[in-house]
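> Quick one: this structure, given as structure tokens, is what I'll be asking you about.
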Amino acid sequence: MSILIFKGHSCSYFIKAFDDLTKDQQQLLEQTTTLEMAHGFQKYLSELEPCLEPYPPITLKQIQKLFPKNKKLKLPDLQSIDFRYVTYLSWIDIATNKLFIVYPFEGQFIGIERRITPTHKKGYCLFCNRHQELAFFTVRTKASLDNYSSIGQYVCMDNHGCNQSITNTESLEKFILSVRK
């Protein structure tokens with residue numbers, strides 16, 4: 001059984017990572033210094049769940065507006081999604097072999113759709129940085145009036161697991177902002 005090495009160490013490193021902590025939030029972070037075993041850490045993580053920021057509310061109509069050129073858009077079942085654990089909304093249309101991503105950024109949603117090619121190999125996902133089964137996600141962007149360029153990245157085949165494993169959205173946002181329409 002692995003032992004966590006938080007005990008006895010200052011949690012000021014964790015606290016400094018956040019700009020505006022309430023007293024309750026700071027106390028939650030300070031609890032990390034008392035954790036001794038993996039099961040204690042898992043219990044601690046479950047206690048943090050009420051602090052999760054859920055994905056902003058979105059409707060099927062809003063999703064359709066993000067992909068106006070796709071008349072036969074296969075939409076996800078929004079009722080079956082637990083939005084507490086969603087960083088980006090995504091689904092694959094197997095018939096067209098396309099990955100659709102909807103990401104909330106600065107109060108609006110950004111939609112990206114492009115071809116996805118399974119690699120049948122493991123590697124590191126751009127979004128969550130886990131070692132998983134990957135697919136190559138290729139996005140074609142307009143570089144200038146008559147010029148297009150393609151940008152491709154390796155992303156998880158398991159979008160649900162990817163979402164739950166993201167700890168930093170920097171790579172995800174950088175990619176989305178670089179390819180958005």
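Letters for chains follow the order of the structure tokens (A, B, ...), residue numbers begin at 1 for each chain, and ligand numbers begin at 1 in the order shown.
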Skip A:Cys51 itself and residues of its chain fewer than 2 positions away, then list as a PyMOL selection string all residues within 12 Å of it, counting only C-alpha atoms.
chain A and resi 21-22+24-25+28-29+45-49+53-54+84-85
> Please provide the set of residues having any atom within 6 Å of stretch 152-164 of chain A, restricted to only C-alpha atoms, with same-chain residues fewer than 2 positions apart removed, written as a list of chain:residue names.
A:Tyr85, A:Val86, A:Thr87, A:Cys125, A:Leu126, A:Cys128, A:Glu133, A:Leu134, A:Ala135, A:Phe136, A:Phe137, A:Thr138, A:Ile166
> Okay, now the selection with C-alpha atoms, as a short mmCIF file (atom, residue, chain, number, x, y, z; two decimals), in the first residue's frame?

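Saved file out.cif follows:
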```cif
data_model
loop_
_atom_site.label_atom_id
_atom_site.label_comp_id
_atom_site.auth_asym_id
_atom_site.auth_seq_id
_atom_site.Cartn_x
_atom_site.Cartn_y
_atom_site.Cartn_z
CA TYR A 85 -16.97 15.98 -14.21
CA VAL A 86 -16.96 17.59 -17.66
CA THR A 87 -14.22 19.98 -18.72
CA CYS A 125 -2.96 12.75 -24.68
CA LEU A 126 -2.58 16.48 -25.33
CA CYS A 128 -5.15 15.19 -20.01
CA GLU A 133 -5.09 4.62 -26.29
CA LEU A 134 -4.90 7.57 -28.68
CA ALA A 135 -6.48 8.91 -31.84
CA PHE A 136 -5.08 11.53 -34.18
CA PHE A 137 -7.40 14.55 -34.28
CA THR A 138 -6.88 16.67 -37.40
CA ILE A 166 -7.68 16.85 -16.73
#
```
> So the first atom is atom CA of A:Thr169 and the second is atom CA of A:Phe100; what is the distance between them in Å, to one decimal place?
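We find that atom CA of A:Thr169 and atom CA of A:Phe100 lie 17.5 Å from each other.
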> I need the alpha helix (DSSP H) residues of stretch 28-131 of chain A per DSSP on the backbone, written as a PDB file with all heavy atoms, in the first residue's frame.

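Below you can see selection_26.pdb, which holds the result:
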```
ATOM      1  N   LEU A  28      -9.798  23.294   3.708  1.00  0.00           N
ATOM      2  CA  LEU A  28      -9.820  22.037   2.952  1.00  0.00           C
ATOM      3  C   LEU A  28      -8.422  21.683   2.447  1.00  0.00           C
ATOM      4  O   LEU A  28      -7.992  20.535   2.528  1.00  0.00           O
ATOM      5  CB  LEU A  28     -10.784  22.134   1.769  1.00  0.00           C
ATOM      6  CG  LEU A  28     -12.250  21.860   2.056  1.00  0.00           C
ATOM      7  CD1 LEU A  28     -13.101  22.179   0.833  1.00  0.00           C
ATOM      8  CD2 LEU A  28     -12.463  20.424   2.488  1.00  0.00           C
ATOM      9  N   LEU A  29      -7.706  22.669   1.938  1.00  0.00           N
ATOM     10  CA  LEU A  29      -6.355  22.412   1.448  1.00  0.00           C
ATOM     11  C   LEU A  29      -5.393  22.070   2.585  1.00  0.00           C
ATOM     12  O   LEU A  29      -4.495  21.256   2.415  1.00  0.00           O
ATOM     13  CB  LEU A  29      -5.836  23.613   0.659  1.00  0.00           C
ATOM     14  CG  LEU A  29      -6.401  23.775  -0.740  1.00  0.00           C
ATOM     15  CD1 LEU A  29      -5.894  25.058  -1.378  1.00  0.00           C
ATOM     16  CD2 LEU A  29      -6.045  22.580  -1.612  1.00  0.00           C
ATOM     17  N   GLU A  30      -5.587  22.695   3.721  1.00  0.00           N
ATOM     18  CA  GLU A  30      -4.712  22.423   4.860  1.00  0.00           C
ATOM     19  C   GLU A  30      -4.855  20.994   5.368  1.00  0.00           C
ATOM     20  O   GLU A  30      -3.939  20.457   5.985  1.00  0.00           O
ATOM     21  CB  GLU A  30      -4.987  23.425   5.980  1.00  0.00           C
ATOM     22  CG  GLU A  30      -4.469  24.815   5.658  1.00  0.00           C
ATOM     23  CD  GLU A  30      -4.924  25.889   6.633  1.00  0.00           C
ATOM     24  OE1 GLU A  30      -5.802  25.615   7.484  1.00  0.00           O
ATOM     25  OE2 GLU A  30      -4.410  27.012   6.535  1.00  0.00           O
ATOM     26  N   ALA A  38      -3.472   6.006   1.106  1.00  0.00           N
ATOM     27  CA  ALA A  38      -4.176   6.254  -0.152  1.00  0.00           C
ATOM     28  C   ALA A  38      -5.687   6.347   0.054  1.00  0.00           C
ATOM     29  O   ALA A  38      -6.339   7.192  -0.550  1.00  0.00           O
ATOM     30  CB  ALA A  38      -3.849   5.162  -1.164  1.00  0.00           C
ATOM     31  N   HIS A  39      -6.243   5.484   0.913  1.00  0.00           N
ATOM     32  CA  HIS A  39      -7.697   5.539   1.118  1.00  0.00           C
ATOM     33  C   HIS A  39      -8.104   6.859   1.786  1.00  0.00           C
ATOM     34  O   HIS A  39      -9.185   7.376   1.547  1.00  0.00           O
ATOM     35  CB  HIS A  39      -8.209   4.319   1.888  1.00  0.00           C
ATOM     36  CG  HIS A  39      -7.793   4.278   3.324  1.00  0.00           C
ATOM     37  ND1 HIS A  39      -6.577   3.775   3.720  1.00  0.00           N
ATOM     38  CD2 HIS A  39      -8.428   4.684   4.450  1.00  0.00           C
ATOM     39  CE1 HIS A  39      -6.476   3.872   5.047  1.00  0.00           C
ATOM     40  NE2 HIS A  39      -7.578   4.424   5.503  1.00  0.00           N
ATOM     41  N   GLY A  40      -7.237   7.419   2.611  1.00  0.00           N
ATOM     42  CA  GLY A  40      -7.513   8.723   3.218  1.00  0.00           C
ATOM     43  C   GLY A  40      -7.522   9.820   2.167  1.00  0.00           C
ATOM     44  O   GLY A  40      -8.340  10.748   2.229  1.00  0.00           O
ATOM     45  N   PHE A  41      -6.635   9.690   1.204  1.00  0.00           N
ATOM     46  CA  PHE A  41      -6.599  10.671   0.121  1.00  0.00           C
ATOM     47  C   PHE A  41      -7.852  10.566  -0.742  1.00  0.00           C
ATOM     48  O   PHE A  41      -8.423  11.580  -1.144  1.00  0.00           O
ATOM     49  CB  PHE A  41      -5.335  10.477  -0.721  1.00  0.00           C
ATOM     50  CG  PHE A  41      -5.142  11.530  -1.767  1.00  0.00           C
ATOM     51  CD1 PHE A  41      -4.824  12.833  -1.413  1.00  0.00           C
ATOM     52  CD2 PHE A  41      -5.298  11.232  -3.105  1.00  0.00           C
ATOM     53  CE1 PHE A  41      -4.656  13.815  -2.371  1.00  0.00           C
ATOM     54  CE2 PHE A  41      -5.129  12.203  -4.074  1.00  0.00           C
ATOM     55  CZ  PHE A  41      -4.808  13.496  -3.707  1.00  0.00           C
ATOM     56  N   GLN A  42      -8.301   9.332  -1.022  1.00  0.00           N
ATOM     57  CA  GLN A  42      -9.527   9.139  -1.808  1.00  0.00           C
ATOM     58  C   GLN A  42     -10.736   9.740  -1.087  1.00  0.00           C
ATOM     59  O   GLN A  42     -11.594  10.366  -1.695  1.00  0.00           O
ATOM     60  CB  GLN A  42      -9.762   7.654  -2.105  1.00  0.00           C
ATOM     61  CG  GLN A  42      -8.789   7.073  -3.091  1.00  0.00           C
ATOM     62  CD  GLN A  42      -8.800   7.801  -4.424  1.00  0.00           C
ATOM     63  OE1 GLN A  42      -9.824   8.243  -4.914  1.00  0.00           O
ATOM     64  NE2 GLN A  42      -7.621   7.961  -5.007  1.00  0.00           N
ATOM     65  N   LYS A  43     -10.785   9.556   0.232  1.00  0.00           N
ATOM     66  CA  LYS A  43     -11.879  10.135   1.027  1.00  0.00           C
ATOM     67  C   LYS A  43     -11.818  11.663   0.952  1.00  0.00           C
ATOM     68  O   LYS A  43     -12.828  12.332   0.788  1.00  0.00           O
ATOM     69  CB  LYS A  43     -11.770   9.663   2.475  1.00  0.00           C
ATOM     70  CG  LYS A  43     -12.899  10.152   3.354  1.00  0.00           C
ATOM     71  CD  LYS A  43     -12.767   9.589   4.767  1.00  0.00           C
ATOM     72  CE  LYS A  43     -13.907  10.046   5.621  1.00  0.00           C
ATOM     73  NZ  LYS A  43     -13.577  11.126   6.504  1.00  0.00           N
ATOM     74  N   TYR A  44     -10.614  12.193   1.043  1.00  0.00           N
ATOM     75  CA  TYR A  44     -10.419  13.642   0.947  1.00  0.00           C
ATOM     76  C   TYR A  44     -10.904  14.160  -0.408  1.00  0.00           C
ATOM     77  O   TYR A  44     -11.600  15.172  -0.484  1.00  0.00           O
ATOM     78  CB  TYR A  44      -8.935  13.966   1.156  1.00  0.00           C
ATOM     79  CG  TYR A  44      -8.572  15.403   0.872  1.00  0.00           C
ATOM     80  CD1 TYR A  44      -8.917  16.410   1.766  1.00  0.00           C
ATOM     81  CD2 TYR A  44      -7.890  15.760  -0.287  1.00  0.00           C
ATOM     82  CE1 TYR A  44      -8.582  17.732   1.520  1.00  0.00           C
ATOM     83  CE2 TYR A  44      -7.560  17.070  -0.539  1.00  0.00           C
ATOM     84  CZ  TYR A  44      -7.908  18.059   0.362  1.00  0.00           C
ATOM     85  OH  TYR A  44      -7.592  19.362   0.097  1.00  0.00           O
ATOM     86  N   LEU A  45     -10.558  13.460  -1.480  1.00  0.00           N
ATOM     87  CA  LEU A  45     -11.007  13.881  -2.814  1.00  0.00           C
ATOM     88  C   LEU A  45     -12.522  13.876  -2.924  1.00  0.00           C
ATOM     89  O   LEU A  45     -13.115  14.774  -3.532  1.00  0.00           O
ATOM     90  CB  LEU A  45     -10.402  12.980  -3.893  1.00  0.00           C
ATOM     91  CG  LEU A  45      -8.932  13.195  -4.200  1.00  0.00           C
ATOM     92  CD1 LEU A  45      -8.467  12.203  -5.265  1.00  0.00           C
ATOM     93  CD2 LEU A  45      -8.665  14.619  -4.643  1.00  0.00           C
ATOM     94  N   SER A  46     -13.175  12.875  -2.350  1.00  0.00           N
ATOM     95  CA  SER A  46     -14.640  12.834  -2.413  1.00  0.00           C
ATOM     96  C   SER A  46     -15.258  13.989  -1.633  1.00  0.00           C
ATOM     97  O   SER A  46     -16.331  14.480  -1.983  1.00  0.00           O
ATOM     98  CB  SER A  46     -15.179  11.496  -1.925  1.00  0.00           C
ATOM     99  OG  SER A  46     -14.927  11.318  -0.563  1.00  0.00           O
ATOM    100  N   GLU A  47     -14.576  14.446  -0.580  1.00  0.00           N
ATOM    101  CA  GLU A  47     -15.065  15.601   0.180  1.00  0.00           C
ATOM    102  C   GLU A  47     -14.934  16.898  -0.614  1.00  0.00           C
ATOM    103  O   GLU A  47     -15.617  17.876  -0.339  1.00  0.00           O
ATOM    104  CB  GLU A  47     -14.315  15.721   1.506  1.00  0.00           C
ATOM    105  CG  GLU A  47     -14.650  14.618   2.495  1.00  0.00           C
ATOM    106  CD  GLU A  47     -13.759  14.615   3.716  1.00  0.00           C
ATOM    107  OE1 GLU A  47     -12.865  15.491   3.829  1.00  0.00           O
ATOM    108  OE2 GLU A  47     -13.952  13.727   4.569  1.00  0.00           O
ATOM    109  N   LEU A  48     -14.048  16.910  -1.599  1.00  0.00           N
ATOM    110  CA  LEU A  48     -13.867  18.105  -2.429  1.00  0.00           C
ATOM    111  C   LEU A  48     -14.909  18.235  -3.542  1.00  0.00           C
ATOM    112  O   LEU A  48     -15.034  19.290  -4.152  1.00  0.00           O
ATOM    113  CB  LEU A  48     -12.470  18.096  -3.066  1.00  0.00           C
ATOM    114  CG  LEU A  48     -11.293  18.328  -2.143  1.00  0.00           C
ATOM    115  CD1 LEU A  48      -9.988  18.229  -2.921  1.00  0.00           C
ATOM    116  CD2 LEU A  48     -11.394  19.672  -1.453  1.00  0.00           C
ATOM    117  N   LEU A  60     -29.349  21.574 -26.683  1.00  0.00           N
ATOM    118  CA  LEU A  60     -29.090  20.974 -27.991  1.00  0.00           C
ATOM    119  C   LEU A  60     -29.105  22.033 -29.084  1.00  0.00           C
ATOM    120  O   LEU A  60     -28.328  21.979 -30.030  1.00  0.00           O
ATOM    121  CB  LEU A  60     -30.118  19.876 -28.276  1.00  0.00           C
ATOM    122  CG  LEU A  60     -30.022  18.647 -27.365  1.00  0.00           C
ATOM    123  CD1 LEU A  60     -31.155  17.676 -27.652  1.00  0.00           C
ATOM    124  CD2 LEU A  60     -28.682  17.959 -27.512  1.00  0.00           C
ATOM    125  N   LYS A  61     -29.977  23.016 -28.935  1.00  0.00           N
ATOM    126  CA  LYS A  61     -30.065  24.102 -29.929  1.00  0.00           C
ATOM    127  C   LYS A  61     -28.759  24.910 -29.963  1.00  0.00           C
ATOM    128  O   LYS A  61     -28.268  25.271 -31.030  1.00  0.00           O
ATOM    129  CB  LYS A  61     -31.251  25.003 -29.618  1.00  0.00           C
ATOM    130  CG  LYS A  61     -31.629  25.927 -30.746  1.00  0.00           C
ATOM    131  CD  LYS A  61     -33.015  26.500 -30.471  1.00  0.00           C
ATOM    132  CE  LYS A  61     -33.694  26.967 -31.700  1.00  0.00           C
ATOM    133  NZ  LYS A  61     -34.123  25.982 -32.644  1.00  0.00           N
ATOM    134  N   GLN A  62     -28.169  25.168 -28.800  1.00  0.00           N
ATOM    135  CA  GLN A  62     -26.892  25.879 -28.741  1.00  0.00           C
ATOM    136  C   GLN A  62     -25.787  25.065 -29.422  1.00  0.00           C
ATOM    137  O   GLN A  62     -24.950  25.626 -30.120  1.00  0.00           O
ATOM    138  CB  GLN A  62     -26.497  26.160 -27.287  1.00  0.00           C
ATOM    139  CG  GLN A  62     -27.289  27.259 -26.619  1.00  0.00           C
ATOM    140  CD  GLN A  62     -26.931  27.372 -25.146  1.00  0.00           C
ATOM    141  OE1 GLN A  62     -27.095  26.427 -24.378  1.00  0.00           O
ATOM    142  NE2 GLN A  62     -26.428  28.535 -24.751  1.00  0.00           N
ATOM    143  N   ILE A  63     -25.819  23.765 -29.211  1.00  0.00           N
ATOM    144  CA  ILE A  63     -24.819  22.901 -29.840  1.00  0.00           C
ATOM    145  C   ILE A  63     -24.988  22.930 -31.353  1.00  0.00           C
ATOM    146  O   ILE A  63     -24.005  23.053 -32.092  1.00  0.00           O
ATOM    147  CB  ILE A  63     -24.912  21.459 -29.301  1.00  0.00           C
ATOM    148  CG1 ILE A  63     -24.518  21.435 -27.821  1.00  0.00           C
ATOM    149  CG2 ILE A  63     -24.013  20.521 -30.107  1.00  0.00           C
ATOM    150  CD1 ILE A  63     -24.754  20.098 -27.139  1.00  0.00           C
ATOM    151  N   GLN A  64     -26.217  22.840 -31.830  1.00  0.00           N
ATOM    152  CA  GLN A  64     -26.472  22.876 -33.277  1.00  0.00           C
ATOM    153  C   GLN A  64     -25.968  24.178 -33.900  1.00  0.00           C
ATOM    154  O   GLN A  64     -25.431  24.172 -35.004  1.00  0.00           O
ATOM    155  CB  GLN A  64     -27.964  22.709 -33.557  1.00  0.00           C
ATOM    156  CG  GLN A  64     -28.449  21.293 -33.337  1.00  0.00           C
ATOM    157  CD  GLN A  64     -29.958  21.169 -33.457  1.00  0.00           C
ATOM    158  OE1 GLN A  64     -30.698  22.065 -33.053  1.00  0.00           O
ATOM    159  NE2 GLN A  64     -30.411  20.042 -33.993  1.00  0.00           N
ATOM    160  N   LYS A  65     -26.107  25.288 -33.201  1.00  0.00           N
ATOM    161  CA  LYS A  65     -25.639  26.581 -33.717  1.00  0.00           C
ATOM    162  C   LYS A  65     -24.122  26.642 -33.837  1.00  0.00           C
ATOM    163  O   LYS A  65     -23.588  27.400 -34.636  1.00  0.00           O
ATOM    164  CB  LYS A  65     -26.140  27.723 -32.827  1.00  0.00           C
ATOM    165  CG  LYS A  65     -27.603  28.029 -33.009  1.00  0.00           C
ATOM    166  CD  LYS A  65     -28.019  29.200 -32.140  1.00  0.00           C
ATOM    167  CE  LYS A  65     -29.492  29.497 -32.304  1.00  0.00           C
ATOM    168  NZ  LYS A  65     -29.920  30.632 -31.477  1.00  0.00           N
ATOM    169  N   LEU A  66     -23.425  25.848 -33.041  1.00  0.00           N
ATOM    170  CA  LEU A  66     -21.967  25.827 -33.101  1.00  0.00           C
ATOM    171  C   LEU A  66     -21.452  25.098 -34.343  1.00  0.00           C
ATOM    172  O   LEU A  66     -20.312  25.298 -34.752  1.00  0.00           O
ATOM    173  CB  LEU A  66     -21.385  25.158 -31.852  1.00  0.00           C
ATOM    174  CG  LEU A  66     -21.581  25.912 -30.540  1.00  0.00           C
ATOM    175  CD1 LEU A  66     -21.129  25.050 -29.370  1.00  0.00           C
ATOM    176  CD2 LEU A  66     -20.816  27.230 -30.554  1.00  0.00           C
TER     177      LEU A  66
END
```
> Considering only C-alpha atoms, return as JSON, numbers by chain whatever protein or nucleic-acid residues lie within 7 Å of A:Tyr103, sequence-local ones (same chain, fewer than 3 positions apart) excluded.
{"A": [88, 89, 109, 110, 111]}
> Take the residues just selected and output them with N, CA, C and O atoms as a PDB file, in the first residue's frame.

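Final output, saved to selection03.pdb:
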```
ATOM      1  N   TYR A  88     -14.684  19.514 -21.040  1.00  0.00           N
ATOM      2  CA  TYR A  88     -15.105  19.809 -22.402  1.00  0.00           C
ATOM      3  C   TYR A  88     -16.124  18.752 -22.814  1.00  0.00           C
ATOM      4  O   TYR A  88     -16.003  17.587 -22.457  1.00  0.00           O
ATOM      5  N   LEU A  89     -17.145  19.165 -23.521  1.00  0.00           N
ATOM      6  CA  LEU A  89     -18.166  18.240 -24.008  1.00  0.00           C
ATOM      7  C   LEU A  89     -17.669  17.674 -25.326  1.00  0.00           C
ATOM      8  O   LEU A  89     -17.209  18.424 -26.194  1.00  0.00           O
ATOM      9  N   PHE A 109     -19.468  29.471 -25.887  1.00  0.00           N
ATOM     10  CA  PHE A 109     -19.045  28.119 -26.244  1.00  0.00           C
ATOM     11  C   PHE A 109     -18.300  28.147 -27.570  1.00  0.00           C
ATOM     12  O   PHE A 109     -18.670  28.882 -28.487  1.00  0.00           O
ATOM     13  N   ILE A 110     -17.257  27.334 -27.654  1.00  0.00           N
ATOM     14  CA  ILE A 110     -16.488  27.174 -28.887  1.00  0.00           C
ATOM     15  C   ILE A 110     -16.706  25.741 -29.360  1.00  0.00           C
ATOM     16  O   ILE A 110     -16.553  24.804 -28.569  1.00  0.00           O
ATOM     17  N   GLY A 111     -17.057  25.572 -30.628  1.00  0.00           N
ATOM     18  CA  GLY A 111     -17.273  24.246 -31.185  1.00  0.00           C
ATOM     19  C   GLY A 111     -16.222  23.902 -32.232  1.00  0.00           C
ATOM     20  O   GLY A 111     -15.898  24.726 -33.081  1.00  0.00           O
TER      21      GLY A 111
END
```
> So, counting only C-alpha atoms, which residue among A:Ala95, A:Ile101, A:Ile116, A:Ile176 is closest to A:Lys74?
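Between A:Ala95, A:Ile101, A:Ile116, A:Ile176, the residue approaching A:Lys74 most closely is A:Ala95.
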